[in-house]
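Enquirer: Quick one: the structure is below, questions incoming.
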Amino acid sequence: MRENPAGETRNVGIRLQFDRRLRLEFRGAKITTDAGLLAVRELDEMMGLADMATDLIVEGRTGKNIRHQIPGLLRQSVYARLAGCEDVNDQESLARDPAMRAAVGRRALEKTAASSGTVSRFETEILAQYENIEGLASLNGAWVEKAVSNSKAKKIILDIDSSESPVHGNQEGSAYNGHFESTYYHPLFCFNNYGDCDGAVLRPGNVHSADGWRKFIEPIVGRYKEMGKKLYLRGDAAFASPDIYEYLEDNSILYAVRLKANAKLYEKIDHLMTRPVGRPSAKPKIFFHDFSYQAASWKKSRRVIAKVEWHAGELFPRIGFIVTNMSRTPENVVQFYNKRATAEQYIKEGKIALTWTRLSCTRFISNKVRLALFVLAYNLGNFIRRFALPREVSHWSLASVQLKLIKIGAKILSHSHMTVFQMAEVAVPEKLFRSMLSRIHRLGKACARAPTLSL
C-alpha cells in the first residue's frame with residue numbers, strides 16, 4: 001500500500017514472478033462470485049415467494065429498532081443454501097457480499113445483510129418455535145401451489161420416499177440403523193412430477209420408512225384436491241400397507257405400490273417360473289401377468305401386476321410385484337411405476353448440490369428447521385430450472401444451475417443512483433441470461449393473473 005499525492009491509500013496489488021504483467025488485487029466488497037442470485041431474486045419477486053412469509057412466520061422479536069425483516073432474513077437463509085453455503089458461519093462473509101446484499105433488499109445493499117449472529121438467532125430461535133415449524137411447511141406448500149397453478153396439467157403424480165441423513169455427532173433424535181450401517185436421521189419426502197418437493201419431515205433414525213405417512217400426506221392431498229387435480233401416487237415396498245391403500249382409494253387416488261414377494265404371490269406366477277426354451281437371447285425375456293390377490297391383512301382383494309425377467313447368464317429370474325387400482329395394461333403399470341426412480345434422483349440432487357444432509361445442530365427441532373430451509377432452497381432452484389431455463393439448457397441438473405448460473409462472477413461499480421454488476425460471460429453469456437430474465441418476466445405476468453392463494 002502506498003500514499004498517492006492526494007493523501008489517499010492506493011492498492012498497487014501483488015505481482016507474480018512467473019509473469020510480471022499480471023497483478024492481483026483484493027477487492028472483496030467490489031467483487032462477487034454469486035451474481036446469479038440476482039436472477040433468483042427476480043424470480044422470487046415475480047412469484048411473490050419470500051413475501052408470503054409475512055403471513056406465515058410469527059415474528060418473535062419485540063424491539064422497536066428491528067433492522068432485518070422476516071422476508072429478508074428468509075431470503076438470506078434460503079439463498080445462501082442455494083449458493084452452496086449451508087453453514088450459518090458462512091453468513092459472516094455473505095453479509096458483505098454485494099450480490100447477497102442486493103438480493104436481500106435495498107436496505108441491505110446500502111449497508112450490509114444480516115450478520116451470522118442475527119441469522120443464527122432467526123433459524124434457531126424464531127423459526128424453531130412450533131408455530132413457525134408449521135409455518136415453514138405451509139410456506140413450502142404455498143410455493144409449490146403457486147408453481148403448479150401456472151401449469152394447465154390436470155393430473156399430478158406424487159412420489160413418496162424416505163431417505164437417510166447420516167450424522168457425525170450426538171444430534172438429538174439420531175439413531176444407529178443396521179441396514180445403512182450408520183447413525184442417521186430418517187426423513188420422509190414427497191415430490192410431484194415437476195420435481196417440486198411437496199413436503200419433507202425430519203424423523204428420528206429408528207422409525208419405519210412409512211412412519212407418520214398420514215399426517216405427512218394429508219395436507220398435500222388436500223391442497224391438490226382444492227386445485228381440482230387428479231392424483232396418482234407411487235411408493236416402494238415400505239408403503240405396502242392396507243391402511244395406505246384404503247386411504248388412497250377413499251380419496252380417489254390412483255396408485256402403484258411395490259409388494260414384497262411371498263409364497264402366495266409366487267404361486268400365482270408358477271407358470272412363468274420355467275426358463276424359456278431355446279438359446280438365451282442377448283436381450284432379457286420379459287413376461288407380465290396380472291391377477292387378483294388378497295393378503296390376510298386386507299379387507300378386500302386387489303389387482304397385482306407381476307413382472308418376470310429372464311436374463312442370459314442368470315440362473316433365476318428377476319421378479320417384481322406391484323399392487324395397483326389402475327386399469328392400465330400390466331406393461332403400462334410397470335412403466336408408470338418405474339418412473340418412481342426420478343424421486344430418488346431428486347433426493348440425490350438435494351444431497352449433492354445443496355448438502356441437505358448437513359443437519360449438524362444439537363437439537364432435533366433446530367435440524368427440522370434446517371431441513372425445511374434446505375427444501376425451500378431446493379424448490380427455488382427447481383423453479384429456476386422449470387421456469388427460467390431456455391430449451392437449450394433445460395437439461396441442467398440442480399448442481400449445474402448452482403455452478404453455472406448462481407456462481408457467475410461479477411465486478412460491482414457504484415454510482416450515486418445506480419449499482420452496476422459487470423457480469424462474467426463464461427457458462428452463461430448475456431444472450432442466455434437475457435432469455436432467462438424474459439421467461440421470468442413472462443412468469444410474473446402469469447402469476448399476476450392467477451387467483452390469490454389463501455394462506
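Just remember, in the C-alpha cells the first chain shown is A, the second B, etc., residues are 1-based per chain, and ligands are 1-based in the order shown.
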Which segment 374-399 of chain A residues have any atom within 8 Å of an atom of segment 192-207 of chain A, and for each, what is the nearest pair of atoms with distance in Å to one decimal, counting only C-alpha atoms, rows sorted by chain and number, as JSON lines?
Expert:
{"residue": "A:Val375", "atom": "CA", "partner": "A:Cys197", "partner_atom": "CA", "distance": 6.9}
{"residue": "A:Tyr378", "atom": "CA", "partner": "A:Cys197", "partner_atom": "CA", "distance": 7.7}
{"residue": "A:Asn379", "atom": "CA", "partner": "A:Asp196", "partner_atom": "CA", "distance": 5.7}
{"residue": "A:Asn382", "atom": "CA", "partner": "A:Asp196", "partner_atom": "CA", "distance": 6.6}
{"residue": "A:Phe383", "atom": "CA", "partner": "A:Asp196", "partner_atom": "CA", "distance": 7.9}
{"residue": "A:Arg386", "atom": "CA", "partner": "A:Tyr194", "partner_atom": "CA", "distance": 7.9}
Enquirer: For the residues in the current selection, export C-alpha atoms as a PDB file, in the first residue's frame.
Expert:
ATOM      1  CA  VAL A 375     -36.254 -27.830   0.924  1.00  0.00           C
ATOM      2  CA  TYR A 378     -34.261 -26.859  -3.448  1.00  0.00           C
ATOM      3  CA  ASN A 379     -37.660 -25.709  -4.692  1.00  0.00           C
ATOM      4  CA  ASN A 382     -36.158 -26.181  -9.246  1.00  0.00           C
ATOM      5  CA  PHE A 383     -38.396 -23.205 -10.093  1.00  0.00           C
ATOM      6  CA  ARG A 386     -38.615 -25.146 -14.640  1.00  0.00           C
TER       7      ARG A 386
END
Enquirer: Return as a tab-separated table the residues of segment 328-384 of chain A lying at most 12 Å from segment 67-75 of chain A, together with the closest atom-to-atom pair for each and the distance in Å to one decimal, counting only C-alpha atoms, with rows in chain order and ascending residue number.
Expert:
residue	atom	partner	partner_atom	distance
A:Val369	CA	A:Leu74	CA	11.7
A:Arg370	CA	A:Leu74	CA	11.9
A:Ala372	CA	A:Leu74	CA	11.4
A:Leu373	CA	A:Leu74	CA	8.5
A:Phe374	CA	A:Leu74	CA	11.5
A:Leu376	CA	A:Leu74	CA	9.7
A:Ala377	CA	A:Arg75	CA	9.4
A:Leu380	CA	A:Arg75	CA	10.5
Enquirer: Residues of the last selection are to be written out with N, CA and C atoms, as an mmCIF file, in the first residue's frame.
Expert:
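The result, written out as out.cif:
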data_model
loop_
_atom_site.group_PDB
_atom_site.id
_atom_site.type_symbol
_atom_site.label_atom_id
_atom_site.label_comp_id
_atom_site.auth_asym_id
_atom_site.auth_seq_id
_atom_site.Cartn_x
_atom_site.Cartn_y
_atom_site.Cartn_z
ATOM 1 N N VAL A 369 -35.756 -27.334 11.305
ATOM 2 C CA VAL A 369 -35.721 -26.034 10.636
ATOM 3 C C VAL A 369 -34.725 -26.054 9.488
ATOM 4 N N ARG A 370 -33.550 -26.607 9.735
ATOM 5 C CA ARG A 370 -32.529 -26.662 8.690
ATOM 6 C C ARG A 370 -33.036 -27.438 7.468
ATOM 7 N N ALA A 372 -36.127 -27.888 6.558
ATOM 8 C CA ALA A 372 -37.179 -27.090 5.916
ATOM 9 C C ALA A 372 -36.584 -25.990 5.050
ATOM 10 N N LEU A 373 -35.520 -25.348 5.511
ATOM 11 C CA LEU A 373 -34.868 -24.297 4.728
ATOM 12 C C LEU A 373 -34.170 -24.880 3.512
ATOM 13 N N PHE A 374 -33.578 -26.054 3.665
ATOM 14 C CA PHE A 374 -32.959 -26.730 2.513
ATOM 15 C C PHE A 374 -34.009 -27.051 1.451
ATOM 16 N N LEU A 376 -36.840 -25.441 0.897
ATOM 17 C CA LEU A 376 -37.196 -24.189 0.232
ATOM 18 C C LEU A 376 -36.140 -23.810 -0.800
ATOM 19 N N ALA A 377 -34.870 -23.992 -0.453
ATOM 20 C CA ALA A 377 -33.782 -23.691 -1.392
ATOM 21 C C ALA A 377 -33.851 -24.628 -2.593
ATOM 22 N N LEU A 380 -36.699 -23.491 -4.835
ATOM 23 C CA LEU A 380 -36.344 -22.256 -5.531
ATOM 24 C C LEU A 380 -35.442 -22.567 -6.725
#
Enquirer: Skipping near chain neighbours, those fewer than 5 positions away, what residues fall within 10 Å of Met47 of chain A using only C-alpha atoms, listed as a ChimeraX atom specification?
Expert: /A:41-42,52,143,146-147,383,440-441,443-448
Enquirer: For N, CA and C atoms, I'd like the residues from the last selection saved as a compact mmCIF listing (two decimals), in the first residue's frame.
Expert:
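Saved result, again-v2.txt, follows:
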# COMPACT_ATOMS: atom_id res chain seq x y z
N ARG A 41 -33.48 -13.78 -7.29
CA ARG A 41 -34.27 -12.74 -6.62
C ARG A 41 -35.38 -12.22 -7.54
N GLU A 42 -35.09 -12.13 -8.84
CA GLU A 42 -36.10 -11.66 -9.79
C GLU A 42 -37.26 -12.65 -9.87
N MET A 52 -44.53 -14.17 1.10
CA MET A 52 -45.56 -14.98 1.74
C MET A 52 -45.24 -15.24 3.21
N TRP A 143 -45.58 -22.22 -1.91
CA TRP A 143 -44.65 -22.04 -3.04
C TRP A 143 -44.97 -23.04 -4.15
N LYS A 146 -48.19 -22.29 -5.89
CA LYS A 146 -48.02 -21.17 -6.81
C LYS A 146 -47.39 -21.64 -8.12
N ALA A 147 -46.40 -22.51 -8.01
CA ALA A 147 -45.73 -23.01 -9.21
C ALA A 147 -46.64 -23.90 -10.03
N PHE A 383 -37.58 -24.19 -9.38
CA PHE A 383 -38.40 -23.21 -10.09
C PHE A 383 -37.56 -22.51 -11.17
N ILE A 440 -38.67 -15.26 -16.94
CA ILE A 440 -39.10 -14.95 -15.57
C ILE A 440 -40.15 -13.84 -15.59
N HIS A 441 -39.96 -12.84 -16.43
CA HIS A 441 -40.92 -11.74 -16.50
C HIS A 441 -42.26 -12.19 -17.06
N LEU A 443 -43.42 -15.15 -16.61
CA LEU A 443 -43.98 -15.88 -15.47
C LEU A 443 -44.64 -14.91 -14.50
N GLY A 444 -43.99 -13.74 -14.29
CA GLY A 444 -44.55 -12.73 -13.40
C GLY A 444 -45.91 -12.26 -13.86
N LYS A 445 -46.08 -12.09 -15.16
CA LYS A 445 -47.38 -11.67 -15.71
C LYS A 445 -48.42 -12.76 -15.50
N ALA A 446 -48.00 -14.02 -15.67
CA ALA A 446 -48.94 -15.13 -15.45
C ALA A 446 -49.35 -15.22 -13.99
N CYS A 447 -48.39 -15.01 -13.08
CA CYS A 447 -48.69 -15.05 -11.64
C CYS A 447 -49.62 -13.91 -11.25
N ALA A 448 -49.48 -12.77 -11.89
CA ALA A 448 -50.35 -11.63 -11.59
C ALA A 448 -51.78 -11.91 -11.99
Enquirer: Find the residues near Asp290 of chain A: any atom within 8 Å, counting only C-alpha atoms, skip ones fewer than 2 places away on the same chain, and give them as a PyMOL selection string.
Expert: chain A and resi 288+292+303-306+330
Enquirer: Could you pull the residues within 12 Å of Arg391 of chain A, counting only C-alpha atoms, minus those fewer than 3 positions along the same chain, as a list of chain:residue names?
Expert: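 After dropping sequence-adjacent residues, the list is A:Arg385, A:Arg386, A:Phe387, A:Ala388, A:Ser394, A:His395, A:Trp396, A:Leu432, A:Ser435, A:Met436, A:Arg439.
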Enquirer: I need the residues from that last selection saved to file as a CSV table (one decimal), in the first residue's frame (with N, CA and C atoms), if you can.
Expert:
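Heads up, here's the output in selection-v5.csv:
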chain,number,residue,atom,x,y,z
A,385,ARG,N,-35.1,-23.9,-12.7
A,385,ARG,CA,-34.9,-24.9,-13.8
A,385,ARG,C,-36.2,-25.0,-14.6
A,386,ARG,N,-37.3,-25.0,-13.9
A,386,ARG,CA,-38.6,-25.1,-14.6
A,386,ARG,C,-39.0,-23.9,-15.5
A,387,PHE,N,-38.9,-22.8,-14.9
A,387,PHE,CA,-39.5,-21.6,-15.5
A,387,PHE,C,-38.5,-20.6,-16.2
A,388,ALA,N,-37.2,-20.7,-15.8
A,388,ALA,CA,-36.3,-19.7,-16.3
A,388,ALA,C,-35.4,-20.2,-17.4
A,394,SER,N,-32.3,-26.6,-20.7
A,394,SER,CA,-33.3,-27.1,-19.8
A,394,SER,C,-32.9,-28.5,-19.2
A,395,HIS,N,-31.9,-29.1,-19.7
A,395,HIS,CA,-31.4,-30.4,-19.2
A,395,HIS,C,-30.5,-30.2,-17.9
A,396,TRP,N,-30.2,-29.0,-17.6
A,396,TRP,CA,-29.3,-28.7,-16.5
A,396,TRP,C,-29.8,-29.4,-15.2
A,432,LEU,N,-28.1,-15.5,-23.2
A,432,LEU,CA,-28.8,-16.6,-22.4
A,432,LEU,C,-29.4,-16.0,-21.2
A,435,SER,N,-32.5,-14.1,-22.0
A,435,SER,CA,-33.5,-15.1,-22.2
A,435,SER,C,-34.2,-15.6,-20.9
A,436,MET,N,-33.3,-15.9,-19.9
A,436,MET,CA,-33.8,-16.3,-18.7
A,436,MET,C,-34.7,-15.3,-18.0
A,439,ARG,N,-38.1,-15.0,-19.6
A,439,ARG,CA,-39.0,-16.0,-19.2
A,439,ARG,C,-39.5,-15.8,-17.8
Enquirer: Got a sec: who's within 10 Å of segment 319-327 of chain A, counting only C-alpha atoms, leaving out chain neighbours fewer than 4 positions off, as a ChimeraX atom specification?
Expert: /A:232-237,240,245,248-249,252-262,265-266,269,273,286-293,302-310,332-334,337
Enquirer: Apply DSSP to the structure's backbone, then extract all residues of segment 100-230 of chain A labelled helix (DSSP H, G or I) and return them as an MDAnalysis selection string.
Expert: chainID A and resid 100:104 106:110 116:126 130:148 213:226
Enquirer: For the residues selected in the previous step, produce a file with C-alpha atoms as a PDB file, in the first residue's frame.
Expert:
ATOM      1  CA  MET A 100     -26.367 -11.203  -1.443  1.00  0.00           C
ATOM      2  CA  ARG A 101     -26.890  -7.660  -0.178  1.00  0.00           C
ATOM      3  CA  ALA A 102     -28.673  -6.694  -3.413  1.00  0.00           C
ATOM      4  CA  ALA A 103     -30.791  -9.858  -3.371  1.00  0.00           C
ATOM      5  CA  VAL A 104     -31.869  -9.441   0.254  1.00  0.00           C
ATOM      6  CA  ARG A 106     -32.426  -2.225  -0.896  1.00  0.00           C
ATOM      7  CA  ARG A 107     -31.522  -1.508   2.713  1.00  0.00           C
ATOM      8  CA  ALA A 108     -29.030  -4.379   2.804  1.00  0.00           C
ATOM      9  CA  LEU A 109     -27.421  -3.115  -0.423  1.00  0.00           C
ATOM     10  CA  GLU A 110     -26.867   0.304   1.114  1.00  0.00           C
ATOM     11  CA  SER A 116     -24.163 -14.573  11.153  1.00  0.00           C
ATOM     12  CA  GLY A 117     -25.400 -13.994  14.713  1.00  0.00           C
ATOM     13  CA  THR A 118     -28.669 -12.490  13.503  1.00  0.00           C
ATOM     14  CA  VAL A 119     -29.231 -15.304  11.005  1.00  0.00           C
ATOM     15  CA  SER A 120     -28.400 -17.879  13.677  1.00  0.00           C
ATOM     16  CA  ARG A 121     -30.987 -16.417  16.063  1.00  0.00           C
ATOM     17  CA  PHE A 122     -33.510 -16.331  13.218  1.00  0.00           C
ATOM     18  CA  GLU A 123     -33.009 -20.022  12.434  1.00  0.00           C
ATOM     19  CA  THR A 124     -32.552 -21.460  15.922  1.00  0.00           C
ATOM     20  CA  GLU A 125     -34.923 -19.230  17.926  1.00  0.00           C
ATOM     21  CA  ILE A 126     -37.607 -17.601  15.745  1.00  0.00           C
ATOM     22  CA  TYR A 130     -43.670 -24.774  16.989  1.00  0.00           C
ATOM     23  CA  GLU A 131     -45.997 -22.459  15.072  1.00  0.00           C
ATOM     24  CA  ASN A 132     -43.140 -21.467  12.771  1.00  0.00           C
ATOM     25  CA  ILE A 133     -42.205 -25.093  12.089  1.00  0.00           C
ATOM     26  CA  GLU A 134     -45.768 -25.475  10.835  1.00  0.00           C
ATOM     27  CA  GLY A 135     -45.444 -22.124   9.079  1.00  0.00           C
ATOM     28  CA  LEU A 136     -42.389 -23.280   7.121  1.00  0.00           C
ATOM     29  CA  ALA A 137     -44.290 -26.367   5.941  1.00  0.00           C
ATOM     30  CA  SER A 138     -47.233 -24.171   4.907  1.00  0.00           C
ATOM     31  CA  LEU A 139     -44.874 -21.752   3.173  1.00  0.00           C
ATOM     32  CA  ASN A 140     -43.316 -24.558   1.154  1.00  0.00           C
ATOM     33  CA  GLY A 141     -46.773 -25.816   0.231  1.00  0.00           C
ATOM     34  CA  ALA A 142     -47.784 -22.312  -0.879  1.00  0.00           C
ATOM     35  CA  TRP A 143     -44.650 -22.040  -3.037  1.00  0.00           C
ATOM     36  CA  VAL A 144     -45.377 -25.341  -4.771  1.00  0.00           C
ATOM     37  CA  GLU A 145     -49.045 -24.449  -5.205  1.00  0.00           C
ATOM     38  CA  LYS A 146     -48.021 -21.172  -6.813  1.00  0.00           C
ATOM     39  CA  ALA A 147     -45.728 -23.013  -9.211  1.00  0.00           C
ATOM     40  CA  VAL A 148     -48.222 -25.742 -10.081  1.00  0.00           C
ATOM     41  CA  TRP A 213     -47.352 -41.110   6.466  1.00  0.00           C
ATOM     42  CA  ARG A 214     -50.958 -39.976   7.007  1.00  0.00           C
ATOM     43  CA  LYS A 215     -50.149 -36.748   8.863  1.00  0.00           C
ATOM     44  CA  PHE A 216     -47.490 -36.040   6.255  1.00  0.00           C
ATOM     45  CA  ILE A 217     -49.502 -36.636   3.107  1.00  0.00           C
ATOM     46  CA  GLU A 218     -52.953 -35.342   4.085  1.00  0.00           C
ATOM     47  CA  PRO A 219     -52.115 -31.604   3.691  1.00  0.00           C
ATOM     48  CA  ILE A 220     -50.517 -32.326   0.299  1.00  0.00           C
ATOM     49  CA  VAL A 221     -53.535 -34.259  -0.938  1.00  0.00           C
ATOM     50  CA  GLY A 222     -55.902 -31.617   0.421  1.00  0.00           C
ATOM     51  CA  ARG A 223     -54.055 -28.845  -1.377  1.00  0.00           C
ATOM     52  CA  TYR A 224     -54.219 -30.589  -4.744  1.00  0.00           C
ATOM     53  CA  LYS A 225     -57.866 -31.558  -4.216  1.00  0.00           C
ATOM     54  CA  GLU A 226     -58.696 -27.872  -3.743  1.00  0.00           C
TER      55      GLU A 226
END
Enquirer: Fewer than 4 positions away in the same chain doesn't count, so skip those; otherwise give me all residues within 12 Å of Cys85 of chain A, counting only C-alpha atoms, as a VMD selection string.
Expert: chain A and resid 34 76 to 81 89 to 94 100 353 to 356 358 374 377 402 406 to 407
Enquirer: In Å to one decimal, how far is atom CA of Ile244 of chain A from atom CA of Lys229 of chain A?
Expert: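 These atoms are spaced 19.7 Å apart.
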Enquirer: Nearest to Gln129 of chain A among A:Ala296, A:Ala35, A:Ser366, A:His179, with distances taken over only C-alpha atoms: which residue is it?
Expert: A:Ser366
Enquirer: Report, in Å to a single decimal, how far apart atom CA of Gln345 of chain A and atom CA of Thr329 of chain A are.
Expert: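 Atom CA of Gln345 of chain A lies 26.4 Å from atom CA of Thr329 of chain A.
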Enquirer: Can you work out the spacing between atom CA of Ile384 of chain A and atom CA of Ser163 of chain A in Å, to one decimal?
Expert: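 Straight-line distance from atom CA of Ile384 of chain A to atom CA of Ser163 of chain A works out to 24.6 Å.
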